[in-house]
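The file entry00.txt contains compact mmCIF, C-alpha atoms:
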# COMPACT_ATOMS: atom_id res chain seq x y z
CA MET A 213 -26.09 17.69 -15.94
CA ARG A 214 -22.73 16.01 -15.44
CA ILE A 215 -21.79 18.45 -12.70
CA HIS A 216 -25.14 17.84 -11.05
CA LYS A 217 -24.65 14.08 -11.07
CA LEU A 218 -21.09 14.39 -9.79
CA ALA A 219 -22.21 16.72 -7.01
CA SER A 220 -24.94 14.29 -5.95
CA ILE A 221 -22.47 11.41 -5.82
CA MET A 222 -19.98 13.47 -3.80
CA LEU A 223 -22.71 14.56 -1.38
CA ALA A 224 -23.94 10.99 -0.99
CA ARG A 225 -20.42 9.70 -0.33
CA HIS A 226 -19.85 12.55 2.15
CA GLY A 227 -22.98 11.57 4.06
CA ILE A 228 -22.07 7.90 4.23
CA THR A 229 -18.45 8.63 5.18
CA ASP A 230 -19.65 10.90 7.99
CA PHE A 231 -21.83 8.04 9.23
CA PHE A 232 -18.82 5.73 9.02
CA TRP A 233 -16.74 8.02 11.25
CA SER A 234 -19.44 7.97 13.90
CA SER A 235 -19.73 4.18 13.64
CA ILE A 236 -16.19 3.53 14.87
CA TYR A 237 -13.86 4.64 17.65
CA PRO A 238 -10.44 3.61 18.98
CA GLY A 239 -11.01 0.90 21.56
CA GLY A 240 -14.25 -0.22 19.96
CA GLY A 241 -15.09 -3.69 18.79
CA GLY A 242 -16.24 -6.79 20.60
CA GLN A 243 -19.78 -7.78 21.44
CA PRO A 244 -22.70 -5.49 22.13
CA ASP A 245 -24.87 -6.01 25.17
CA GLY A 246 -28.44 -5.36 26.20
CA GLU A 247 -31.08 -4.79 23.59
CA VAL A 248 -28.67 -4.71 20.62
CA LEU A 249 -27.32 -8.15 21.47
CA GLU A 250 -30.85 -9.47 22.03
CA LEU A 251 -31.94 -8.26 18.61
CA ILE A 252 -28.82 -9.69 16.93
CA GLU A 253 -29.45 -13.06 18.55
CA ARG A 254 -33.11 -12.89 17.58
CA ASP A 255 -32.51 -11.98 13.93
CA PHE A 256 -29.23 -13.83 13.16
CA GLY A 257 -29.38 -16.74 15.57
CA SER A 258 -26.19 -15.80 17.37
CA PHE A 259 -23.51 -13.10 17.43
CA GLU A 260 -21.14 -15.52 15.66
CA GLU A 261 -23.63 -16.00 12.84
CA PHE A 262 -23.93 -12.24 12.52
CA THR A 263 -20.14 -11.76 12.26
CA LYS A 264 -19.93 -14.59 9.72
CA GLU A 265 -22.62 -13.06 7.54
CA PHE A 266 -21.18 -9.55 7.92
CA LYS A 267 -17.71 -10.64 6.81
CA ALA A 268 -19.11 -12.71 3.93
CA ALA A 269 -20.96 -9.63 2.69
CA GLY A 270 -17.80 -7.53 2.97
CA VAL A 271 -15.71 -9.99 1.03
CA SER A 272 -18.30 -10.47 -1.71
CA GLN A 273 -18.94 -6.76 -2.33
CA PHE A 274 -17.09 -6.66 -5.64
CA GLY A 275 -15.38 -3.31 -6.14
CA SER A 276 -16.01 -0.23 -4.04
CA GLY A 277 -18.84 -0.09 -1.58
CA TRP A 278 -20.17 -0.46 1.94
CA VAL A 279 -21.54 -3.13 4.25
CA TRP A 280 -24.36 -2.05 6.52
CA LEU A 281 -26.24 -3.33 9.52
CA ILE A 282 -29.74 -2.03 8.90
CA LEU A 283 -33.22 -2.19 10.32
CA LYS A 284 -35.50 -3.51 7.60
CA ASP A 285 -39.14 -4.40 8.25
CA ALA A 286 -38.50 -4.25 12.02
CA LYS A 287 -35.69 -6.82 11.71
CA LEU A 288 -31.93 -6.45 11.76
CA SER A 289 -30.36 -7.29 8.43
CA ILE A 290 -27.06 -7.02 6.59
CA LEU A 291 -26.91 -5.14 3.31
CA LYS A 292 -24.08 -4.38 0.90
CA THR A 293 -24.20 -1.40 -1.42
CA SER A 294 -21.85 -0.12 -4.08
CA ASN A 295 -20.21 3.28 -4.39
CA ALA A 296 -22.58 6.00 -3.13
CA LEU A 297 -25.77 4.04 -2.47
CA ASN A 298 -27.36 4.63 0.94
CA PRO A 299 -30.01 2.21 2.30
CA LEU A 300 -32.14 5.24 3.20
CA ILE A 301 -33.19 5.37 -0.44
CA TRP A 302 -35.05 2.10 0.08
CA GLY A 303 -36.52 3.21 3.41
CA TYR A 304 -34.14 1.07 5.49
CA ILE A 305 -32.61 2.46 8.68
CA PRO A 306 -28.78 2.33 8.81
CA LEU A 307 -27.36 1.32 12.20
CA THR A 308 -23.69 0.93 11.34
CA VAL A 309 -21.51 0.79 8.26
CA VAL A 310 -18.05 -0.32 7.19
CA ASP A 311 -16.28 1.20 4.18
CA VAL A 312 -14.92 -1.53 1.87
CA CYS A 313 -13.48 0.78 -0.78
CA GLU A 314 -9.80 -0.04 -1.14
CA HIS A 315 -8.68 3.38 0.12
CA ALA A 316 -10.25 2.53 3.48
CA TYR A 317 -7.80 -0.29 4.16
CA TYR A 318 -5.12 -0.55 1.51
CA LEU A 319 -2.25 1.19 3.35
CA ASP A 320 -2.67 -1.09 6.38
CA PHE A 321 -4.04 -4.29 4.91
CA GLN A 322 -3.28 -4.14 1.15
CA ASN A 323 -5.41 -6.79 -0.57
CA ARG A 324 -6.33 -8.50 2.72
CA ARG A 325 -9.87 -7.24 3.05
CA PRO A 326 -10.90 -10.15 5.33
CA ASP A 327 -8.23 -9.05 7.87
CA TYR A 328 -9.55 -5.49 7.71
CA LEU A 329 -13.11 -6.71 8.35
CA ASN A 330 -11.86 -8.69 11.36
CA ALA A 331 -10.17 -5.55 12.69
CA PHE A 332 -13.35 -3.54 12.18
CA LEU A 333 -15.41 -6.02 14.21
CA ASP A 334 -12.73 -6.75 16.83
CA LYS A 335 -11.35 -3.28 17.42
CA LEU A 336 -13.33 -0.49 15.81
CA ILE A 337 -17.09 -0.89 15.66
CA SER A 338 -18.98 1.27 18.13
CA TRP A 339 -21.97 -0.67 19.45
CA GLU A 340 -22.87 2.38 21.52
CA ALA A 341 -23.32 4.28 18.27
CA VAL A 342 -25.76 1.61 17.06
CA ALA A 343 -27.99 2.30 20.06
CA GLY A 344 -28.62 5.87 18.88
CA PRO A 345 -30.33 5.23 15.53
CA LEU A 346 -32.02 2.18 17.06
CA ALA A 347 -33.65 4.30 19.76
CA GLN A 348 -34.76 6.84 17.17
CA ALA A 349 -36.17 4.06 15.00
CA LYS A 350 -38.26 2.77 17.88
CA ALA A 351 -40.23 6.01 17.79
CA PHE A 352 -41.94 4.74 14.65
CA VAL A 353 -41.04 1.07 14.27
CA THR A 354 -42.23 -1.62 16.66
CA LEU A 355 -39.33 -3.96 17.21
CA GLY A 356 -40.91 -6.48 19.52
CA GLU A 357 -44.23 -7.03 21.17
CA PRO A 358 -45.98 -3.72 21.65
CA THR A 359 -46.28 -2.64 25.29
CA ILE A 360 -49.86 -1.83 26.04
CA PRO A 361 -50.05 0.51 29.00
CA GLU A 362 -52.22 -0.54 31.94
CA LYS A 363 -55.50 1.31 32.15
CA MET B 586 -2.52 -19.98 -21.17
CA PRO B 587 -3.18 -16.20 -21.32
CA ALA B 588 -6.88 -15.40 -21.28
CA THR B 589 -6.60 -13.49 -24.57
CA LEU B 590 -5.35 -16.60 -26.33
CA LEU B 591 -8.03 -18.70 -24.70
CA MET B 592 -10.73 -16.30 -25.93
CA LYS B 593 -9.40 -16.67 -29.50
CA LYS B 594 -9.08 -20.40 -29.17
CA MET B 595 -12.74 -20.70 -28.25
CA ARG B 596 -13.58 -20.09 -31.87
CA SER B 597 -11.17 -22.74 -33.16
CA GLY B 598 -11.76 -26.29 -34.25
CA ALA B 599 -9.90 -27.61 -31.24
CA GLU B 600 -12.59 -26.25 -28.94
CA THR B 601 -15.37 -27.63 -31.12
CA ALA B 602 -13.76 -31.05 -31.08
CA ARG B 603 -13.44 -30.95 -27.30
CA THR B 604 -17.04 -29.84 -26.93
CA MET B 605 -18.26 -32.68 -29.18
CA LEU B 606 -16.17 -35.19 -27.26
CA GLY B 607 -17.46 -33.84 -23.96
CA PHE B 608 -21.03 -34.14 -25.22
CA HIS B 609 -20.53 -37.78 -26.15
CA LEU B 610 -18.77 -38.61 -22.91
CA ARG B 611 -21.51 -37.00 -20.87
CA ARG B 612 -24.13 -38.86 -22.89
CA ARG B 613 -22.44 -42.08 -21.93
CA GLY B 614 -22.49 -40.99 -18.29
CA LEU B 615 -18.77 -40.37 -18.15
CA LYS B 616 -18.33 -37.05 -16.37
CA THR B 617 -15.10 -35.31 -17.22
CA ALA B 618 -13.92 -31.78 -16.58
CA MET B 619 -13.34 -30.76 -20.21
CA ARG B 620 -12.30 -27.25 -19.31
CA GLN B 621 -8.71 -26.42 -18.56
CA GLN B 622 -8.18 -24.25 -15.53
CA GLU B 623 -6.99 -20.69 -16.03
CA VAL B 624 -3.51 -19.86 -14.77
CA LEU B 625 -1.88 -16.61 -13.77
CA PRO B 626 0.19 -15.39 -16.73
CA ASP B 627 3.76 -14.32 -16.03
CA LEU B 628 4.63 -10.66 -16.22
CA PRO B 629 6.72 -9.89 -19.32
CA TYR B 630 9.17 -7.95 -17.09
CA ASP B 631 10.48 -7.86 -13.51
CA TYR B 632 8.39 -6.44 -10.69
CA ASN B 633 10.69 -3.41 -10.41
CA ALA B 634 10.89 -2.79 -14.17
CA LEU B 635 8.23 -0.07 -14.20
CA GLU B 636 9.79 2.00 -11.42
CA PRO B 637 9.63 4.85 -10.60
CA VAL B 638 6.25 5.08 -12.34
CA ILE B 639 4.76 2.03 -10.64
CA SER B 640 6.57 0.63 -7.63
CA ALA B 641 7.73 -2.98 -7.36
CA GLU B 642 5.58 -3.31 -4.23
CA ILE B 643 2.45 -2.41 -6.16
CA MET B 644 3.36 -4.65 -9.12
CA ARG B 645 3.99 -7.62 -6.84
CA LEU B 646 0.71 -7.21 -4.91
CA HIS B 647 -1.24 -6.41 -8.05
CA HIS B 648 0.02 -9.50 -9.89
CA GLN B 649 0.53 -12.10 -7.14
CA LYS B 650 -2.45 -11.17 -4.97
CA HIS B 651 -5.12 -9.35 -6.95
CA HIS B 652 -4.78 -10.97 -10.36
CA GLN B 653 -4.15 -14.39 -8.76
CA ALA B 654 -7.35 -13.95 -6.72
CA TYR B 655 -9.34 -13.34 -9.91
CA VAL B 656 -7.83 -16.48 -11.49
CA THR B 657 -8.54 -18.58 -8.40
CA GLY B 658 -12.05 -17.15 -8.02
CA PHE B 659 -12.86 -17.76 -11.66
CA ASN B 660 -11.66 -21.37 -11.58
CA LYS B 661 -13.65 -22.02 -8.41
CA ALA B 662 -16.83 -20.50 -9.82
CA MET B 663 -16.44 -22.46 -13.07
CA GLU B 664 -15.92 -25.68 -11.10
CA GLN B 665 -19.16 -25.02 -9.25
CA LEU B 666 -20.88 -24.21 -12.54
CA ASN B 667 -19.71 -27.42 -14.15
CA SER B 668 -20.96 -29.52 -11.24
CA THR B 669 -24.54 -28.29 -11.22
CA SER B 670 -27.55 -28.30 -13.49
CA ASP B 671 -29.81 -26.35 -11.15
CA PRO B 672 -30.86 -23.11 -12.89
CA GLN B 673 -30.99 -21.11 -9.66
CA THR B 674 -27.42 -22.09 -8.77
CA ILE B 675 -26.24 -21.35 -12.29
CA VAL B 676 -27.76 -17.86 -12.22
CA ALA B 677 -26.34 -17.19 -8.75
CA LEU B 678 -22.84 -18.02 -10.00
CA GLN B 679 -22.92 -15.45 -12.81
CA SER B 680 -21.72 -12.46 -10.80
CA ALA B 681 -18.69 -14.36 -9.46
CA ILE B 682 -17.88 -15.65 -12.95
CA ASN B 683 -18.24 -12.20 -14.51
CA PHE B 684 -16.28 -10.41 -11.81
CA ASN B 685 -13.40 -12.87 -11.53
CA GLY B 686 -13.33 -13.75 -15.23
CA GLY B 687 -13.41 -10.09 -16.17
CA GLY B 688 -10.64 -9.32 -13.69
CA HIS B 689 -8.52 -12.07 -15.22
CA VAL B 690 -9.16 -10.96 -18.81
CA ASN B 691 -8.56 -7.27 -18.01
CA HIS B 692 -5.31 -7.80 -16.15
CA ALA B 693 -3.94 -10.21 -18.75
CA ILE B 694 -4.28 -7.35 -21.25
CA PHE B 695 -2.96 -4.73 -18.79
CA TRP B 696 0.41 -6.42 -18.16
CA GLN B 697 1.03 -6.53 -21.93
CA ASN B 698 -0.11 -2.92 -22.33
CA LEU B 699 2.77 -1.79 -20.11
CA ALA B 700 6.51 -2.00 -20.67
CA PRO B 701 9.68 -0.58 -19.12
CA PRO B 702 11.09 2.40 -21.05
CA LYS B 703 14.10 0.36 -22.21
CA GLU B 704 11.68 -2.02 -23.90
CA GLY B 705 9.60 0.67 -25.59
CA GLY B 706 7.42 1.86 -22.72
CA GLY B 707 6.36 5.44 -23.33
CA GLU B 708 7.50 5.53 -26.97
CA PRO B 709 4.79 7.11 -29.13
CA PRO B 710 2.89 4.82 -31.49
CA GLU B 711 3.67 4.53 -35.19
CA GLY B 712 1.96 3.23 -38.30
CA ASN B 713 -1.77 2.64 -38.62
CA LEU B 714 -2.53 3.25 -34.96
CA ALA B 715 -0.72 6.61 -34.99
CA SER B 716 -2.74 7.78 -38.00
CA ALA B 717 -5.99 6.55 -36.47
CA ILE B 718 -5.24 8.40 -33.21
CA GLU B 719 -4.50 11.60 -35.10
CA SER B 720 -7.62 11.38 -37.22
CA GLU B 721 -9.92 10.51 -34.29
CA PHE B 722 -8.47 12.67 -31.51
CA GLY B 723 -6.25 15.23 -33.26
CA SER B 724 -3.01 14.14 -31.61
CA LEU B 725 -1.57 11.61 -29.17
CA ASP B 726 -1.43 14.32 -26.47
CA LYS B 727 -5.14 14.98 -26.89
CA LEU B 728 -5.93 11.26 -26.57
CA ILE B 729 -3.78 11.02 -23.44
CA ALA B 730 -5.47 14.08 -21.93
CA LYS B 731 -8.89 12.62 -22.67
CA MET B 732 -8.08 9.22 -21.18
CA SER B 733 -6.52 10.81 -18.09
CA THR B 734 -9.51 13.06 -17.46
CA THR B 735 -11.95 10.22 -18.09
CA GLY B 736 -9.96 7.88 -15.85
CA ALA B 737 -9.85 10.41 -13.05
CA GLY B 738 -13.63 10.72 -13.29
CA VAL B 739 -14.40 7.01 -12.84
CA GLN B 740 -16.46 6.72 -9.65
CA GLY B 741 -15.34 3.90 -7.40
CA SER B 742 -13.48 1.05 -9.07
CA GLY B 743 -13.06 0.51 -12.80
CA TRP B 744 -11.01 0.95 -15.95
CA VAL B 745 -10.50 3.54 -18.66
CA TRP B 746 -9.98 2.11 -22.14
CA LEU B 747 -8.92 2.92 -25.63
CA GLY B 748 -11.27 0.69 -27.56
CA LEU B 749 -12.11 -0.12 -31.14
CA ILE B 750 -15.53 -0.07 -32.75
CA LYS B 751 -14.83 -3.04 -34.96
CA ASP B 752 -17.09 -2.62 -37.97
CA MET B 753 -16.30 1.07 -38.33
CA LYS B 754 -12.64 0.53 -37.41
CA ARG B 755 -13.00 3.59 -35.21
CA LEU B 756 -11.18 4.40 -31.97
CA THR B 757 -13.08 5.46 -28.87
CA VAL B 758 -12.39 6.20 -25.20
CA GLU B 759 -14.67 4.31 -22.83
CA THR B 760 -14.86 3.23 -19.20
CA THR B 761 -16.02 0.07 -17.47
CA ALA B 762 -17.06 -0.38 -13.84
CA ASN B 763 -15.47 -2.89 -11.49
CA GLN B 764 -14.04 -5.74 -13.61
CA ASP B 765 -16.47 -5.55 -16.51
CA PRO B 766 -14.45 -6.32 -19.63
CA LEU B 767 -14.63 -3.82 -22.51
CA ALA B 768 -16.29 -6.52 -24.60
CA SER B 769 -19.36 -5.99 -22.42
CA LYS B 770 -19.75 -2.67 -24.25
CA GLY B 771 -19.30 -4.29 -27.66
CA LEU B 772 -15.81 -2.88 -28.16
CA ILE B 773 -12.40 -4.43 -28.72
CA PRO B 774 -9.94 -3.56 -25.95
CA LEU B 775 -6.68 -2.02 -27.19
CA LEU B 776 -5.34 -0.26 -24.08
CA GLY B 777 -6.69 -0.43 -20.55
CA ILE B 778 -5.59 1.66 -17.58
CA ASP B 779 -6.59 0.14 -14.23
CA VAL B 780 -7.98 2.88 -11.98
CA TRP B 781 -8.87 0.62 -9.06
CA GLU B 782 -7.14 2.04 -5.99
CA HIS B 783 -5.02 -1.10 -5.62
CA ALA B 784 -3.31 -0.08 -8.89
CA TYR B 785 -1.79 3.08 -7.38
CA TYR B 786 -2.76 3.77 -3.76
CA LEU B 787 0.44 2.67 -1.99
CA GLN B 788 2.44 5.10 -4.10
CA TYR B 789 0.11 7.91 -5.13
CA LYS B 790 -2.42 7.68 -2.27
CA ASN B 791 -5.70 9.29 -3.28
CA VAL B 792 -4.06 11.43 -5.99
CA ARG B 793 -5.27 9.37 -8.94
CA PRO B 794 -4.52 12.22 -11.41
CA ASP B 795 -0.78 11.96 -10.57
CA TYR B 796 -0.85 8.22 -11.34
CA LEU B 797 -2.63 8.96 -14.61
CA LYS B 798 -0.14 11.69 -15.46
CA ASN B 799 2.80 9.31 -15.03
CA VAL B 800 1.47 6.00 -16.32
CA TRP B 801 1.94 7.10 -19.94
CA LYS B 802 5.71 6.78 -19.45
CA VAL B 803 5.28 3.00 -19.34
CA VAL B 804 2.49 2.45 -21.85
CA ASN B 805 3.60 -0.06 -24.46
CA TRP B 806 2.16 1.49 -27.61
CA ARG B 807 3.67 -1.30 -29.73
CA ASP B 808 1.36 -3.77 -27.99
CA VAL B 809 -1.60 -1.44 -28.46
CA ALA B 810 -0.73 -1.11 -32.18
CA LYS B 811 -0.51 -4.89 -32.54
CA ARG B 812 -4.02 -5.25 -31.11
CA TYR B 813 -5.28 -2.51 -33.44
CA ASP B 814 -3.74 -4.09 -36.52
CA SER B 815 -5.00 -7.60 -35.75
CA ALA B 816 -8.53 -6.56 -34.80

Rewritten as structure tokens:
Amino acid sequence: MRIHKLASIMLARHGITDFFWSSIYPGGGGQPDGEVLELIERDFGSFEEFTKEFKAAGVSQFGSGWVWLILKDAKLSILKTSNALNPLIWGYIPLTVVDVCEHAYYLDFQNRRPDYLNAFLDKLISWEAVAGPLAQAKAFVTLGEPTIPEK
Amino acid sequence: MPATLLMKKMRSGAETARTMLGFHLRRRGLKTAMRQQEVLPDLPYDYNALEPVISAEIMRLHHQKHHQAYVTGFNKAMEQLNSTSDPQTIVALQSAINFNGGGHVNHAIFWQNLAPPKEGGGEPPEGNLASAIESEFGSLDKLIAKMSTTGAGVQGSGWVWLGLIKDMKRLTVETTANQDPLASKGLIPLLGIDVWEHAYYLQYKNVRPDYLKNVWKVVNWRDVAKRYDSA
């Protein structure tokens, strides 16, 4: 049973880490545009509010874990999870994630996790990658007013 | 004062007297902060004393940044606790108090659990502790192997401990997650090995087993024995 549990944890971490790699790219960062920005402004008030809340979540995730931007009940939301927990288990849709385990930033930032989170938002996050899962989600989640086709 | 001493002092008459005084002062509407703030304890050795096992760079960051952050965080959370009577706020503060307080308690023990070789680090235990280790685990090597394997298996951040089941006076190897103190499992902490990545990453990278293989060269078994004998 122990091997089973260990294997599940490893597989879960592998999945999340894979998602992390596709959430960042060199030259990333900055603000999104178009629909993603509209949704952020709708659900957080402003992009600044979103970054504030995102960083606060990152700093208050005690120990190892992840901070996610998710789609929950047709609204954008920020979630922090520990170790190998994936929001999919609660039926939420992950849009992006940042790894806040110490190995993700220690060589470059040591204890300065806030600086790492700034770097993630300023230089790494791929807003283009957010558009992908968002588009897929729209196939079965109504994000705004439904468009009723003309007869 | 070191957190370990503070924990003991909480049972003393001095604390009772302060609590009674605080009660009377608050009754008379005089608000005072009766609690002393926690402070970062000094290391019992220089930052480079545990080299080459643990680098000076790691010791400095670990003590001055990580442990200090737990002390600061704990004091801040306690200040907020002492200035509210709203149950919702009080409950919301618990995770910050537990995490930062636990981090402070754990690291205060950790610094004492280690020593440079010239001050006894790595020297095998003697006396009651040595006999207890042999009777519970078979040999010191077997205990070390068990703690190393268990420590390597901790998922995410946490600690591996040699703890004492008090009423049976029995040794046991146990782990805690994040900064949960061993007391949260009803055991007395004798020896803790920090397996958070900040404890070894700059030197050993992701190879936690190498850190665990080497850390025994600086374990201060005399301190562990003292805790065992006074438990």

Handout entry: Residue hits in chain A, query chain B, radius 7 Å, only C-alpha atoms, as a ChimeraX atom specification
Key = /A:275-276,295,314-315,319,323

Handout entry: One-decimal distance in Å that lies between atom CA of B:Leu728 and atom CA of B:Arg812
Key =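 Atom CA of B:Leu728 lies 17.2 Å from atom CA of B:Arg812.
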
Practice task
Could you please give me, as a PyMOL selection string, the residues of protein, DNA or RNA lying at most 12 Å from (-23.6, -10.2, 14.1) in the coordinate frame of the file, considering only C-alpha atoms?
Solution key: chain A and resi 241-245+248-269+280-282+288-290+308+333-334+337+339

Practice task
Write out as a list of chain:residue names the residues lying within 10 Å of A:Phe332, counting all atoms listed in the file and excluding same-chain residues fewer than 6 positions away.
Solution key: A:Ile236, A:Tyr237, A:Gly240, A:Gly241, A:Gly242, A:Lys267, A:Val310, A:Asp311, A:Pro326, A:Ser338

Practice task
Can you work out the spacing between atom CA of B:Val809 and atom CA of B:Asp631 in Å, to one decimal?
Solution key: 20.3 Å

Handout entry: Best match for closeness to B:Gly707 among B:Ala816, B:Leu775, B:Val745, B:Leu635, counting only C-alpha atoms
Key = B:Leu635

Write out as a PDB file with C-alpha atoms, keeping the file's coordinate frame the residues lying within 12 Å of B:Ala700, counting only C-alpha atoms and excluding same-chain residues fewer than 6 positions away.
ATOM      1  CA  LEU B 628       4.630 -10.660 -16.220  1.00  0.00           C
ATOM      2  CA  PRO B 629       6.720  -9.890 -19.320  1.00  0.00           C
ATOM      3  CA  TYR B 630       9.170  -7.950 -17.090  1.00  0.00           C
ATOM      4  CA  ASP B 631      10.480  -7.860 -13.510  1.00  0.00           C
ATOM      5  CA  TYR B 632       8.390  -6.440 -10.690  1.00  0.00           C
ATOM      6  CA  ASN B 633      10.690  -3.410 -10.410  1.00  0.00           C
ATOM      7  CA  ALA B 634      10.890  -2.790 -14.170  1.00  0.00           C
ATOM      8  CA  LEU B 635       8.230  -0.070 -14.200  1.00  0.00           C
ATOM      9  CA  GLU B 636       9.790   2.000 -11.420  1.00  0.00           C
ATOM     10  CA  VAL B 638       6.250   5.080 -12.340  1.00  0.00           C
ATOM     11  CA  ILE B 639       4.760   2.030 -10.640  1.00  0.00           C
ATOM     12  CA  GLY B 706       7.420   1.860 -22.720  1.00  0.00           C
ATOM     13  CA  GLY B 707       6.360   5.440 -23.330  1.00  0.00           C
ATOM     14  CA  GLU B 708       7.500   5.530 -26.970  1.00  0.00           C
ATOM     15  CA  VAL B 800       1.470   6.000 -16.320  1.00  0.00           C
ATOM     16  CA  TRP B 801       1.940   7.100 -19.940  1.00  0.00           C
ATOM     17  CA  LYS B 802       5.710   6.780 -19.450  1.00  0.00           C
ATOM     18  CA  VAL B 803       5.280   3.000 -19.340  1.00  0.00           C
ATOM     19  CA  VAL B 804       2.490   2.450 -21.850  1.00  0.00           C
ATOM     20  CA  ASN B 805       3.600  -0.060 -24.460  1.00  0.00           C
ATOM     21  CA  TRP B 806       2.160   1.490 -27.610  1.00  0.00           C
ATOM     22  CA  ARG B 807       3.670  -1.300 -29.730  1.00  0.00           C
ATOM     23  CA  ASP B 808       1.360  -3.770 -27.990  1.00  0.00           C
ATOM     24  CA  VAL B 809      -1.600  -1.440 -28.460  1.00  0.00           C
TER      25      VAL B 809
END

Problem - Residue neighbourhood B:Gln665, 10 Å, all atoms listed in the file, exclusion window fewer than 4 positions, as an MDAnalysis selection string - result: chainID B and resid 659:661 669:670 674:675 678

Fill in the blank from the handout: Pairwise distance, atom CA of B:Pro626 with atom CA of B:Ala768, equals 20.3 Å

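Distances from A:Ser234, A:Ser220, A:Asn298, A:Thr293 to A:Ala343 were compared using only C-alpha atoms, and the smallest one belongs to A:Ser234.
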
Handout entry: Neighbour list for A:Val312 as JSON, numbers by chain, cut-off 9 Å, only C-alpha atoms, skip fewer than 5 positions in-chain
Key = {"A": [270, 271, 273, 275, 276, 277, 278, 279, 317, 325, 328, 329]}
